[in-house]
Each structure stands twice: as structure tokens, then as C-alpha cells.
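Trainee: Take a look at protein_37.pdb, PDB, C-alpha atoms and all ligand atoms:
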```
MODEL        1
ATOM      1  CA  MET B  15     102.193 130.386 103.717
ATOM      2  CA  PHE B  16     104.313 132.028 106.417
ATOM      3  CA  SER B  17     105.971 135.283 105.319
ATOM      4  CA  VAL B  18     107.842 138.239 106.830
ATOM      5  CA  LYS B  19     108.100 141.617 105.158
ATOM      6  CA  TRP B  20     108.450 145.309 105.942
ATOM      7  CA  GLN B  21     105.281 147.421 105.902
ATOM      8  CA  ASN B  22     105.963 150.424 108.166
ATOM      9  CA  GLY B  23     106.784 147.700 110.693
ATOM     10  CA  ILE B  24     107.464 143.970 110.547
ATOM     11  CA  LEU B  25     104.446 142.280 109.002
ATOM     12  CA  VAL B  26     104.193 138.550 109.707
ATOM     13  CA  THR B  27     101.554 136.703 107.700
ATOM     14  CA  SER B  28     100.300 133.140 108.001
ATOM     15  CA  GLU B  29      97.487 131.207 106.253
ATOM     16  CA  SER B  30      94.751 132.965 108.192
ATOM     17  CA  ALA B  31      96.037 136.122 109.858
ATOM     18  CA  SER B  32      98.643 138.883 109.839
ATOM     19  CA  ILE B  33     100.354 140.600 112.752
ATOM     20  CA  ILE B  34     102.318 143.823 112.606
ATOM     21  CA  LEU B  35     105.190 144.310 115.036
ATOM     22  CA  ASP B  36     106.040 147.801 116.301
ATOM     23  CA  PRO B  37     104.809 149.766 113.267
ATOM     24  CA  LEU B  38     106.529 153.158 112.899
ATOM     25  CA  LYS B  39     103.544 154.707 111.119
ATOM     26  CA  LYS B  40      99.848 154.020 110.852
ATOM     27  CA  THR B  41      99.332 151.163 108.466
ATOM     28  CA  PRO B  42      95.953 149.609 107.581
ATOM     29  CA  ASN B  43      96.727 146.126 106.280
ATOM     30  CA  TYR B  44      96.975 143.856 109.283
ATOM     31  CA  ASP B  45      94.705 141.932 111.667
ATOM     32  CA  PHE B  46      96.407 142.696 114.985
ATOM     33  CA  ALA B  47      99.527 144.355 116.358
ATOM     34  CA  PHE B  48     102.278 143.767 118.897
ATOM     35  CA  VAL B  49     103.888 146.608 120.857
ATOM     36  CA  SER B  50     107.231 145.476 122.294
ATOM     37  CA  HIS B  51     107.960 148.362 124.679
ATOM     38  CA  ALA B  52     107.041 151.900 125.667
ATOM     39  CA  HIS B  53     109.608 153.948 123.699
ATOM     40  CA  MET B  54     107.611 156.296 121.513
ATOM     41  CA  ASP B  55     109.009 155.076 118.184
ATOM     42  CA  HIS B  56     107.526 151.636 118.980
ATOM     43  CA  THR B  57     104.059 152.597 120.227
ATOM     44  CA  VAL B  58     102.301 153.956 117.115
ATOM     45  CA  ALA B  59      99.953 150.920 117.100
ATOM     46  CA  PHE B  60      98.507 152.123 120.423
ATOM     47  CA  THR B  61      97.048 155.163 118.634
ATOM     48  CA  ASP B  62      94.722 152.971 116.529
ATOM     49  CA  PRO B  63      91.403 152.912 118.413
ATOM     50  CA  VAL B  64      89.990 149.806 116.734
ATOM     51  CA  LYS B  65      92.596 147.124 116.031
ATOM     52  CA  ILE B  66      93.574 144.613 118.712
ATOM     53  CA  LYS B  67      96.999 145.227 120.230
ATOM     54  CA  TYR B  68      99.055 142.744 122.261
ATOM     55  CA  SER B  69     101.474 144.145 124.807
ATOM     56  CA  THR B  70     102.519 143.709 128.437
ATOM     57  CA  ARG B  71     100.569 145.522 131.158
ATOM     58  CA  GLU B  72     103.789 147.298 132.145
ATOM     59  CA  THR B  73     104.341 148.682 128.642
ATOM     60  CA  THR B  74     100.734 149.827 128.379
ATOM     61  CA  ALA B  75     100.964 151.595 131.753
ATOM     62  CA  LEU B  76     104.232 153.313 130.824
ATOM     63  CA  TYR B  77     102.728 154.439 127.526
ATOM     64  CA  GLU B  78      99.818 155.975 129.433
ATOM     65  CA  ALA B  79     102.250 157.725 131.808
ATOM     66  CA  VAL B  80     104.350 159.152 128.973
ATOM     67  CA  SER B  81     101.589 160.095 126.526
ATOM     68  CA  ASP B  82      98.649 160.818 128.847
ATOM     69  CA  ARG B  83      96.556 158.669 126.495
ATOM     70  CA  LYS B  84      94.760 155.448 127.248
ATOM     71  CA  PRO B  85      95.030 152.977 124.366
ATOM     72  CA  ARG B  86      91.957 150.936 123.490
ATOM     73  CA  ASN B  87      91.607 147.238 122.692
ATOM     74  CA  VAL B  88      94.869 146.138 124.282
ATOM     75  CA  VAL B  89      95.144 142.471 125.222
ATOM     76  CA  PRO B  90      97.681 142.089 128.055
ATOM     77  CA  CYS B  91     100.497 139.559 127.590
ATOM     78  CA  LEU B  92     102.042 137.838 130.586
ATOM     79  CA  TYR B  93     105.713 136.931 130.219
ATOM     80  CA  GLY B  94     106.088 133.298 129.204
ATOM     81  CA  LYS B  95     102.372 132.589 128.762
ATOM     82  CA  SER B  96     101.153 131.492 125.305
ATOM     83  CA  ILE B  97      98.066 133.101 123.816
ATOM     84  CA  PRO B  98      96.279 131.493 120.855
ATOM     85  CA  VAL B  99      95.478 134.077 118.176
ATOM     86  CA  HIS B 100      93.930 132.710 114.957
ATOM     87  CA  ASP B 101      96.413 130.025 113.890
ATOM     88  CA  PHE B 102      99.296 131.623 115.820
ATOM     89  CA  GLN B 103     100.541 130.904 119.314
ATOM     90  CA  LEU B 104     101.887 134.185 120.647
ATOM     91  CA  LYS B 105     104.237 134.405 123.641
ATOM     92  CA  ALA B 106     105.879 137.527 125.092
ATOM     93  CA  VAL B 107     109.268 136.958 126.730
ATOM     94  CA  ASN B 108     111.636 139.323 128.526
ATOM     95  CA  SER B 109     113.849 141.321 126.147
ATOM     96  CA  GLY B 110     116.037 142.981 128.807
ATOM     97  CA  HIS B 111     115.694 146.436 127.228
ATOM     98  CA  VAL B 112     113.499 148.498 129.604
ATOM     99  CA  PHE B 113     110.784 147.888 132.203
ATOM    100  CA  GLY B 114     107.939 145.940 130.550
ATOM    101  CA  SER B 115     109.806 145.310 127.298
ATOM    102  CA  ALA B 116     109.071 142.057 125.525
ATOM    103  CA  ALA B 117     110.407 140.008 122.660
ATOM    104  CA  LEU B 118     107.849 137.899 120.807
ATOM    105  CA  LEU B 119     107.789 134.192 120.065
ATOM    106  CA  LEU B 120     105.269 133.346 117.395
ATOM    107  CA  ASP B 121     104.407 129.821 116.287
ATOM    108  CA  GLY B 122     102.348 129.520 113.131
ATOM    109  CA  ASP B 123     102.237 127.341 109.992
ATOM    110  CA  GLY B 124     104.819 125.054 111.616
ATOM    111  CA  VAL B 125     107.342 127.915 111.837
ATOM    112  CA  THR B 126     108.868 129.280 115.049
ATOM    113  CA  PHE B 127     109.456 132.982 114.598
ATOM    114  CA  PHE B 128     111.288 135.121 117.161
ATOM    115  CA  TYR B 129     111.229 138.923 117.182
ATOM    116  CA  THR B 130     113.657 140.512 119.617
ATOM    117  CA  GLY B 131     112.255 144.052 119.680
ATOM    118  CA  ASP B 132     114.869 146.342 121.222
ATOM    119  CA  PHE B 133     116.876 144.090 123.494
ATOM    120  CA  ASN B 134     119.802 143.848 125.843
ATOM    121  CA  PHE B 135     121.940 140.751 126.155
ATOM    122  CA  THR B 136     123.529 141.727 129.462
ATOM    123  CA  ASP B 137     122.025 142.176 132.944
ATOM    124  CA  SER B 138     121.553 145.706 134.246
ATOM    125  CA  LEU B 139     120.518 147.022 137.671
ATOM    126  CA  THR B 140     116.892 146.974 136.526
ATOM    127  CA  GLN B 141     116.554 144.308 133.815
ATOM    128  CA  ARG B 142     117.628 140.715 133.270
ATOM    129  CA  ALA B 143     119.289 139.955 129.932
ATOM    130  CA  ILE B 144     117.195 138.428 127.132
ATOM    131  CA  SER B 145     117.487 134.646 126.742
ATOM    132  CA  PRO B 146     118.326 133.247 123.288
ATOM    133  CA  CYS B 147     115.625 131.060 121.812
ATOM    134  CA  ASP B 148     115.799 128.219 119.275
ATOM    135  CA  CYS B 149     113.861 129.442 116.256
ATOM    136  CA  ASP B 150     113.439 128.962 112.511
ATOM    137  CA  VAL B 151     113.194 132.652 111.689
ATOM    138  CA  LEU B 152     114.757 135.455 113.730
ATOM    139  CA  ALA B 153     113.982 139.160 113.329
ATOM    140  CA  ILE B 154     116.651 141.032 115.253
ATOM    141  CA  GLU B 155     117.156 144.736 115.960
ATOM    142  CA  THR B 156     120.623 145.897 114.913
ATOM    143  CA  THR B 157     120.773 149.430 116.353
ATOM    144  CA  TYR B 158     124.471 148.969 117.216
ATOM    145  CA  GLY B 159     125.273 146.456 114.472
ATOM    146  CA  ARG B 160     128.656 147.895 113.533
ATOM    147  CA  PRO B 161     131.994 146.435 114.701
ATOM    148  CA  ASP B 162     133.192 149.610 116.452
ATOM    149  CA  PHE B 163     130.217 149.541 118.850
ATOM    150  CA  VAL B 164     131.862 147.799 121.764
ATOM    151  CA  PHE B 165     130.329 148.785 125.079
ATOM    152  CA  PRO B 166     132.519 149.052 128.187
ATOM    153  CA  ASN B 167     131.987 146.862 131.237
ATOM    154  CA  ARG B 168     128.705 147.924 132.855
ATOM    155  CA  GLU B 169     129.986 147.748 136.449
ATOM    156  CA  GLU B 170     132.858 150.090 135.574
ATOM    157  CA  VAL B 171     130.462 152.567 133.953
ATOM    158  CA  TYR B 172     128.249 152.494 137.068
ATOM    159  CA  ASP B 173     131.351 153.194 139.124
ATOM    160  CA  SER B 174     132.394 156.144 136.920
ATOM    161  CA  ILE B 175     128.900 157.661 137.119
ATOM    162  CA  VAL B 176     128.865 157.551 140.920
ATOM    163  CA  GLN B 177     132.434 158.916 141.138
ATOM    164  CA  TRP B 178     131.613 161.803 138.799
ATOM    165  CA  ALA B 179     128.464 162.671 140.739
ATOM    166  CA  ALA B 180     130.286 162.618 144.105
ATOM    167  CA  THR B 181     133.095 164.835 142.788
ATOM    168  CA  THR B 182     130.625 167.230 141.158
ATOM    169  CA  ILE B 183     128.689 167.645 144.415
ATOM    170  CA  MET B 184     131.938 168.219 146.347
ATOM    171  CA  GLU B 185     132.799 170.988 143.889
ATOM    172  CA  GLY B 186     129.501 172.728 144.659
ATOM    173  CA  HIS B 187     127.585 171.745 141.513
ATOM    174  CA  VAL B 188     124.477 169.644 140.911
ATOM    175  CA  PRO B 189     125.137 166.514 138.776
ATOM    176  CA  CYS B 190     122.331 166.353 136.202
ATOM    177  CA  PHE B 191     121.773 163.308 134.013
ATOM    178  CA  PHE B 192     119.939 163.485 130.690
ATOM    179  CA  VAL B 193     118.173 160.167 130.284
ATOM    180  CA  TYR B 194     115.178 158.515 128.618
ATOM    181  CA  PRO B 195     112.208 158.650 131.029
ATOM    182  CA  VAL B 196     111.561 154.970 130.216
ATOM    183  CA  GLY B 197     114.612 152.792 130.889
ATOM    184  CA  LYS B 198     117.724 154.783 131.717
ATOM    185  CA  ALA B 199     115.871 156.948 134.267
ATOM    186  CA  GLN B 200     115.018 153.865 136.333
ATOM    187  CA  GLU B 201     118.534 152.450 135.990
ATOM    188  CA  ILE B 202     120.207 155.674 137.191
ATOM    189  CA  THR B 203     117.678 156.102 140.016
ATOM    190  CA  ARG B 204     118.382 152.548 141.161
ATOM    191  CA  LEU B 205     122.147 153.028 140.871
ATOM    192  CA  PHE B 206     122.118 155.965 143.310
ATOM    193  CA  ASN B 207     119.552 154.271 145.582
ATOM    194  CA  LEU B 208     121.658 151.118 145.819
ATOM    195  CA  TYR B 209     125.197 152.418 146.101
ATOM    196  CA  THR B 210     124.957 155.917 147.583
ATOM    197  CA  SER B 211     122.939 157.971 150.047
ATOM    198  CA  ILE B 212     122.630 160.809 147.518
ATOM    199  CA  PRO B 213     118.946 161.692 146.951
ATOM    200  CA  VAL B 214     117.619 161.471 143.375
ATOM    201  CA  VAL B 215     115.535 164.454 142.203
ATOM    202  CA  THR B 216     113.407 163.870 139.114
ATOM    203  CA  HIS B 217     111.870 166.018 136.409
ATOM    204  CA  PRO B 218     108.051 165.557 136.450
ATOM    205  CA  SER B 219     108.147 163.421 133.284
ATOM    206  CA  ILE B 220     110.531 161.014 135.043
ATOM    207  CA  THR B 221     108.571 161.185 138.292
ATOM    208  CA  LYS B 222     105.629 159.779 136.305
ATOM    209  CA  THR B 223     107.519 156.865 134.761
ATOM    210  CA  ASN B 224     109.311 156.011 138.020
ATOM    211  CA  ARG B 225     105.957 156.023 139.830
ATOM    212  CA  THR B 226     104.501 153.707 137.197
ATOM    213  CA  VAL B 227     107.342 151.235 137.763
ATOM    214  CA  ASN B 228     106.746 151.427 141.522
ATOM    215  CA  SER B 229     103.042 150.731 140.979
ATOM    216  CA  PHE B 230     104.134 147.276 139.733
ATOM    217  CA  GLY B 231     106.116 146.622 142.919
ATOM    218  CA  GLY B 232     109.284 148.610 142.177
ATOM    219  CA  ASP B 233     111.147 150.268 145.048
ATOM    220  CA  LEU B 234     112.670 153.334 143.391
ATOM    221  CA  VAL B 235     113.240 156.265 145.758
ATOM    222  CA  PHE B 236     113.118 159.746 144.195
ATOM    223  CA  TYR B 237     111.798 163.261 144.768
ATOM    224  CA  ASP B 238     109.899 165.318 142.225
ATOM    225  CA  MET B 239     111.702 168.576 141.486
ATOM    226  CA  ALA B 240     108.467 170.582 141.494
ATOM    227  CA  LYS B 241     107.545 169.312 144.956
ATOM    228  CA  GLU B 242     109.650 167.742 147.697
ATOM    229  CA  GLY B 243     112.742 167.759 145.455
ATOM    230  CA  GLU B 244     112.782 171.548 145.179
ATOM    231  CA  GLU B 245     114.451 172.014 148.557
ATOM    232  CA  LEU B 246     116.971 169.255 147.810
ATOM    233  CA  LEU B 247     117.848 170.941 144.534
ATOM    234  CA  ARG B 248     118.466 174.196 146.391
ATOM    235  CA  SER B 249     120.737 172.405 148.882
ATOM    236  CA  LYS B 250     122.773 171.069 145.906
ATOM    237  CA  ASN B 251     123.201 167.792 147.760
ATOM    238  CA  CYS B 252     121.466 165.573 145.207
ATOM    239  CA  VAL B 253     121.598 164.255 141.663
ATOM    240  CA  CYS B 254     118.962 165.355 139.202
ATOM    241  CA  LEU B 255     117.400 163.501 136.259
ATOM    242  CA  PHE B 256     116.111 165.328 133.170
ATOM    243  CA  PRO B 257     114.522 163.818 130.043
ATOM    244  CA  THR B 258     116.629 163.828 126.861
ATOM    245  CA  SER B 259     113.829 165.767 125.146
ATOM    246  CA  LEU B 260     114.904 168.903 127.040
ATOM    247  CA  ASN B 261     117.574 171.186 125.679
ATOM    248  CA  LEU B 262     120.783 170.826 127.630
ATOM    249  CA  LYS B 263     121.757 174.494 127.298
ATOM    250  CA  THR B 264     118.322 175.641 128.483
ATOM    251  CA  VAL B 265     118.642 173.480 131.590
ATOM    252  CA  LYS B 266     122.040 175.047 132.283
ATOM    253  CA  LEU B 267     120.524 178.525 131.954
ATOM    254  CA  VAL B 268     117.714 177.698 134.392
ATOM    255  CA  HIS B 269     120.042 175.840 136.765
ATOM    256  CA  PRO B 270     123.402 177.645 136.598
ATOM    257  CA  ASP B 271     124.898 175.243 139.170
ATOM    258  CA  ALA B 272     124.179 172.232 136.968
ATOM    259  CA  LYS B 273     126.870 170.012 135.501
ATOM    260  CA  VAL B 274     125.272 167.858 132.859
ATOM    261  CA  ALA B 275     125.975 164.298 131.756
ATOM    262  CA  MET B 276     124.621 162.226 128.882
ATOM    263  CA  VAL B 277     124.091 158.509 129.485
ATOM    264  CA  THR B 278     123.775 156.626 126.197
ATOM    265  CA  GLY B 279     125.379 154.007 123.970
ATOM    266  CA  TRP B 280     125.697 156.708 121.320
ATOM    267  CA  GLY B 281     128.297 158.342 123.572
ATOM    268  CA  LEU B 282     130.789 156.059 121.788
ATOM    269  CA  ARG B 283     130.181 158.029 118.637
ATOM    270  CA  PHE B 284     129.519 161.627 119.588
ATOM    271  CA  GLY B 285     131.742 162.116 122.651
ATOM    272  CA  LYS B 286     130.730 164.857 125.083
ATOM    273  CA  ARG B 287     129.027 167.370 122.763
ATOM    274  CA  ALA B 288     127.689 170.173 124.964
ATOM    275  CA  ALA B 289     127.661 167.976 128.059
ATOM    276  CA  ASP B 290     130.218 168.099 130.861
ATOM    277  CA  ALA B 291     130.466 164.306 130.798
ATOM    278  CA  THR B 292     129.208 161.354 128.750
ATOM    279  CA  PHE B 293     128.794 157.813 130.000
ATOM    280  CA  VAL B 294     128.463 154.923 127.561
ATOM    281  CA  LEU B 295     125.616 152.935 129.072
ATOM    282  CA  SER B 296     123.129 151.346 126.720
ATOM    283  CA  SER B 297     119.879 149.399 126.953
ATOM    284  CA  HIS B 298     120.766 147.627 123.689
ATOM    285  CA  ALA B 299     123.126 144.807 122.768
ATOM    286  CA  ASP B 300     126.473 145.846 121.296
ATOM    287  CA  TYR B 301     127.988 144.334 118.137
ATOM    288  CA  ALA B 302     129.605 141.298 119.759
ATOM    289  CA  GLN B 303     126.452 140.560 121.749
ATOM    290  CA  LEU B 304     124.314 140.772 118.603
ATOM    291  CA  LEU B 305     126.535 138.225 116.870
ATOM    292  CA  ARG B 306     126.562 135.894 119.864
ATOM    293  CA  PHE B 307     122.798 136.185 120.192
ATOM    294  CA  VAL B 308     122.204 135.097 116.576
ATOM    295  CA  GLU B 309     124.589 132.168 116.989
ATOM    296  CA  GLU B 310     122.834 131.021 120.166
ATOM    297  CA  CYS B 311     119.367 131.236 118.550
ATOM    298  CA  GLY B 312     120.603 129.177 115.567
ATOM    299  CA  PRO B 313     117.954 130.374 113.082
ATOM    300  CA  LYS B 314     117.580 129.152 109.503
ATOM    301  CA  LYS B 315     116.691 132.672 108.388
ATOM    302  CA  VAL B 316     117.572 136.066 109.884
ATOM    303  CA  TYR B 317     115.957 139.439 109.183
ATOM    304  CA  THR B 318     117.777 142.511 110.491
ATOM    305  CA  VAL B 319     116.009 145.742 111.322
ATOM    306  CA  HIS B 320     116.979 149.252 112.539
ATOM    307  CA  GLY B 321     120.427 150.822 112.675
ATOM    308  CA  TYR B 322     123.090 148.997 110.693
ATOM    309  CA  ALA B 323     120.711 146.356 109.294
ATOM    310  CA  GLY B 324     122.480 146.001 105.906
ATOM    311  CA  LEU B 325     125.989 145.895 107.317
ATOM    312  CA  PHE B 326     125.043 143.379 109.987
ATOM    313  CA  ALA B 327     123.147 141.139 107.534
ATOM    314  CA  ASN B 328     126.257 141.079 105.309
ATOM    315  CA  LYS B 329     128.384 140.007 108.262
ATOM    316  CA  LEU B 330     125.895 137.213 109.054
ATOM    317  CA  LYS B 331     126.000 136.053 105.426
ATOM    318  CA  ARG B 332     129.783 135.805 105.585
ATOM    319  CA  MET B 333     129.305 133.639 108.673
ATOM    320  CA  GLY B 334     127.042 131.299 106.681
ATOM    321  CA  PHE B 335     123.600 132.544 107.779
ATOM    322  CA  ASP B 336     120.756 133.200 105.377
ATOM    323  CA  ALA B 337     120.279 136.861 106.331
ATOM    324  CA  GLU B 338     118.717 139.967 104.855
ATOM    325  CA  PRO B 339     117.772 143.444 106.055
ATOM    326  CA  LEU B 340     114.098 144.361 106.200
ATOM    327  CA  GLU B 341     113.781 147.521 104.127
ATOM    328  CA  HIS B 342     112.410 150.708 105.621
TER     329      HIS B 342
HETATM  330 ZN    ZN B 401     113.706 151.159 122.809
ENDMDL
END
```
What is this structure when it is put down as C-alpha cells?
Mentor:
Amino acid sequence: MFSVKWQNGILVTSESASIILDPLKKTPNYDFAFVSHAHMDHTVAFTDPVKIKYSTRETTALYEAVSDRKPRNVVPCLYGKSIPVHDFQLKAVNSGHVFGSAALLLDGDGVTFFYTGDFNFTDSLTQRAISPCDCDVLAIETTYGRPDFVFPNREEVYDSIVQWAATTIMEGHVPCFFVYPVGKAQEITRLFNLYTSIPVVTHPSITKTNRTVNSFGGDLVFYDMAKEGEELLRSKNCVCLFPTSLNLKTVKLVHPDAKVAMVTGWGLRFGKRAADATFVLSSHADYAQLLRFVEECGPKKVYTVHGYAGLFANKLKRMGFDAEPLEH
């Protein structure tokens, strides 16, 4: 009997096997796991040395770059290629979120189940948007599942970022962007590579992830701040990328010429905070995109997870869907 429930992650069970999707904590009761992408809140399954994990090669490589750990027993998934696992057919498809990210199509017990993982429903400079998929059961992330999360036009945000950086350099400061090393770092690097001649200097943690992307055929151009980027940083004719894990005020103390910018969808909610600028650029779908995505998948049953899962499930119910949040 096919079932979906929350058990520190999404646990999908069929007649003969169970698969856990992106568990947040270690959890013993499953046969194998799926890791959708390399953001740390989704990679806990990689820390289990024994159980079989399914993930893309790109995600596994990024995890190794970020954590300095090599996960064991990982079966690589190729986008669009089905893998038989017990009585399931498992297929990873592009989710549009970050490099290597995958949604999961799972066929088992005559049910087509689709798990989005974190996803984006619009093209970016580095990722293609996710494609909707006809399914019986949809498990969808609802990080921005509230009506006031309406993201601005991406091209206009790109334009504002470049304008701000150019002005900041002209004023004698170094434009510094605080970004996730996986995802936004590649998008901002590519933005400046494509549309400007301003060199991109990277914190070592971002140097590692950018290099990993290039090892799969990427063409990102950047300079590590501890090596060749040091001179560029001194010249102040560059942009600089720092990981969001660093403290913004500390960076300003170390680099007094820095002007700092946040680049995140959450900018809609928190404004500038301690930053000099905030740009609303997200790797997730916004509210309208989430709704459109569900409609285009046409599922009989929807499970919502993360963020505004309850609120979004209620909205879907009012639209006539059988929807419920998966409890954390
Ligand atoms: Zn993510």
C-alpha cells in the first residue's frame, strides 16, 4: 500500500520498500534515501555510512566540496534516466534550484509520485526552470507559500545588482555580496562574467564550490581572495563574494572599504538589515509560481512541506485540491 508521511523527512512506503527524501535528522526506519541537492539542511542522509543514497553526481561533488567529507554508498542518478529500485522506478529530473539539484519522480504500486525538493519555476542565469509533471501525488516545498511573497522580475534584479556594483566601485568601495556558496554564488559570478568586465573575487569556500561546478564543464571565471584575488581586492576594482555564514559586521571590520549586499528572496521580508543593499533574488518559486506549478501538475493529492505549508495547503483546499501539510 503506497503511503507518504513525515518522519524527519518525507517517508514514501510501498509494498516492499521505503525511501526517505531529504531527511533533516538521522532516522533509522527506511531502506534507502534520496538527497535532492547540496544545501546542508538537505544532506543529512549523506552522513549515514551504510544506507544506500540516490543523488546526482553534481550534488555529491558539491557536498564533498562544502563539507570536506566523502559520502559512502551513493548511487548516482542521471537526469531523466529511470532506475529500478525494489518495486519503485526512480527518476531524478531538474528542479531548477541550484547546480545539481533534482526533483524526484517515483513510480510504485501503480502510483506516480512527484517530489519537487527545493525548486525554481523560472529560468536563471545558471539553471533552467523545473518542468511540471503529471502525477497522482505531489509533495511540494512551500518555502515562500504566502501571498505577499511576490518576486520582482529577475532581469530587472540582475540589472540593479550590476548598477549598484558599478556605482559602488566608482565611489571607491568594494561591492561585497553575501551569498550561499551553492547556488547564488554561481549565479552572481555568472552575472558579472556575462554582463561586465568586473573581476569576481571569491572567498575560499566559494572558490571551492565554483571550481566544482567548473569541473562538470562550467565556465565561471573568478579569483580566490587568498591567492590571485588578493591584489584585485587591494585595487578595489572588483566585486567580492562572501558566504552568508560569515558575519557581515566582521567582514566590514576586516575590509573597511567594503559595501555589503544581501541577495535573497527573504529580502522581501527583512529589508536591508545591517547591509548597505538588499536584492530580492531567489532560487525558489514564489507564491504565484507555486500555485501555477500545482495546477500544471494536476495531482489528485498534494502534500506541502517547509515554510508556509499549512497556509498553502489551506489555499489549495479552497481551490478544490485534496491537500495537507506534512507535519514536522
Ligand atoms: Zn535549497
Trainee: Would you kindly return, as a list in words, each protein, DNA or RNA residue with an atom no farther than 12 Å from any atom of B:Asp173, considering all atoms listed in the file and excluding same-chain residues fewer than 2 positions away?
Mentor: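 Listing them by chain and then by number gives Pro166, Asn167, Arg168, Glu169, Glu170, Val171, Ile175, Val176, Gln177, Trp178, Ala179, Ala180, Ile202, Leu205, Phe206, Leu208, Tyr209, Thr210, Phe293 and Leu295 of chain B.
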Trainee: So which residues are near ligand ZN 401 (chain B), meaning at most 9 Å away with all atoms listed in the file counted, given back as JSON, numbers by chain?
Mentor: {"B": [50, 51, 52, 53, 54, 55, 56, 111, 112, 115, 131, 132, 133, 196, 197, 297, 298]}
Trainee: Only C-alpha atoms, please: the residues just picked out, written as a JSON list (two decimals), in the coordinates of the input.
Mentor:
```json
[["chain", "number", "residue", "atom", "x", "y", "z"],
["B", 50, "SER", "CA", 107.23, 145.48, 122.29],
["B", 51, "HIS", "CA", 107.96, 148.36, 124.68],
["B", 52, "ALA", "CA", 107.04, 151.90, 125.67],
["B", 53, "HIS", "CA", 109.61, 153.95, 123.70],
["B", 54, "MET", "CA", 107.61, 156.30, 121.51],
["B", 55, "ASP", "CA", 109.01, 155.08, 118.18],
["B", 56, "HIS", "CA", 107.53, 151.64, 118.98],
["B", 111, "HIS", "CA", 115.69, 146.44, 127.23],
["B", 112, "VAL", "CA", 113.50, 148.50, 129.60],
["B", 115, "SER", "CA", 109.81, 145.31, 127.30],
["B", 131, "GLY", "CA", 112.26, 144.05, 119.68],
["B", 132, "ASP", "CA", 114.87, 146.34, 121.22],
["B", 133, "PHE", "CA", 116.88, 144.09, 123.49],
["B", 196, "VAL", "CA", 111.56, 154.97, 130.22],
["B", 197, "GLY", "CA", 114.61, 152.79, 130.89],
["B", 297, "SER", "CA", 119.88, 149.40, 126.95],
["B", 298, "HIS", "CA", 120.77, 147.63, 123.69]]
```
Trainee: Evaluated on this file, the PyMOL selection byres (((chain B and resi 212) around 8) and not hetatm) picks out some residues - which ones are they, written as number ranges by chain?
Mentor: B: 206-207, 210-211, 213-214, 251-253
Trainee: Find the residue from B:Pro313, B:Gly334, B:Pro189, B:Gly159 that sits nearest to B:Ala291; use all atoms listed in the file when measuring.
Mentor: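 Between B:Pro313, B:Gly334, B:Pro189, B:Gly159, the residue approaching B:Ala291 most closely is B:Pro189.
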Trainee: Evaluate the PyMOL selection byres (((chain B and resi 43) around 10) and not hetatm) on the structure here and hand back the selected residues as a count of residues only.
Mentor: 11
Trainee: Please report the interatomic distance between atom CA of B:Val26 and atom CA of B:Asp336 in Å with one decimal.
Mentor: 17.9 Å
Trainee: Which residues, written as a PyMOL selection string, have at least one atom at most 9 Å from B:Lys250, with only C-alpha atoms counted and residues fewer than 5 positions away on the same chain left out?
Mentor: chain B and resi 183+186-189+245+271
Trainee: For B:Asp82, which of B:Ser69, B:Thr140, B:Ser28, B:Thr61 is the closest residue, counting only C-alpha atoms?
Mentor: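 Among B:Ser69, B:Thr140, B:Ser28, B:Thr61, it is B:Thr61 that comes nearest to B:Asp82.
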Trainee: Would you list the residues near (119.0, 138.3, 133.2) (no more than 9 Å away, in the coordinates of the file, using only C-alpha atoms) as a PyMOL selection string?
Mentor: chain B and resi 108+110+135-138+141-145
Trainee: When you draw a straight line from atom CA of B:Phe191 to atom CA of B:Ser109, how long is it in Å?
Mentor: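 If I compute the distance from atom CA of B:Phe191 to atom CA of B:Ser109, I get 24.7 Å.
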Trainee: Rounded to one decimal in Å, what is the spacing between atom CA of B:Asn224 and atom CA of B:Phe192?
Mentor: 14.9 Å
Trainee: Exactly which residues make up the result of the PyMOL selection byres (((chain B and resi 219) around 9) and not hetatm) on this file, given as a list in words?
Mentor: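 So the PyMOL selection byres (((chain B and resi 219) around 9) and not hetatm) ends up selecting Ala79, Val80, Pro195, Thr216, His217, Pro218, Ile220, Thr221, Lys222, Thr223, Asn224, Phe256 and Pro257 of chain B.
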Trainee: Residues near B:Val125, anyone? I mean within 12 Å using all atoms listed in the file, not counting same-chain ones fewer than 5 positions away, as a PyMOL selection string.
Mentor: chain B and resi 15-18+26-29+101-103+119-120+148-152+313-315
Trainee: Which polymer residues have any atom within 9 Å of an atom of B:Lys105, counting all atoms listed in the file, with same-chain residues fewer than 4 positions away left out, as number ranges by chain?
Mentor: B: 91-98, 117-121
Trainee: Pick the closest to B:Ala272 from B:Leu35, B:Ile24, B:Cys190, B:Ala327: which is it, counting all atoms listed in the file?
Mentor: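 Looking at the shortest contact to B:Ala272, the residue is B:Cys190.
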Trainee: Which is closer to B:Asn228 than all the others in B:Asp62, B:Glu72, B:Glu310, B:Glu185, using only C-alpha atoms?
Mentor: B:Glu72
Trainee: Which residue out of B:Lys19, B:Lys263, B:Arg160, B:Lys84 has the minimum interatomic distance to B:Leu340 when all atoms listed in the file are used?
Mentor: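 Checking each of B:Lys19, B:Lys263, B:Arg160, B:Lys84 against B:Leu340, counting all atoms listed in the file, the winner is B:Lys19.
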Trainee: Given the choices B:Ala106, B:Val268, B:Leu262, B:Ala323, which gets closest to B:Leu304 if the distance is worked out from only C-alpha atoms?
Mentor: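 Counting only C-alpha atoms, the residue closest to B:Leu304 is B:Ala323.
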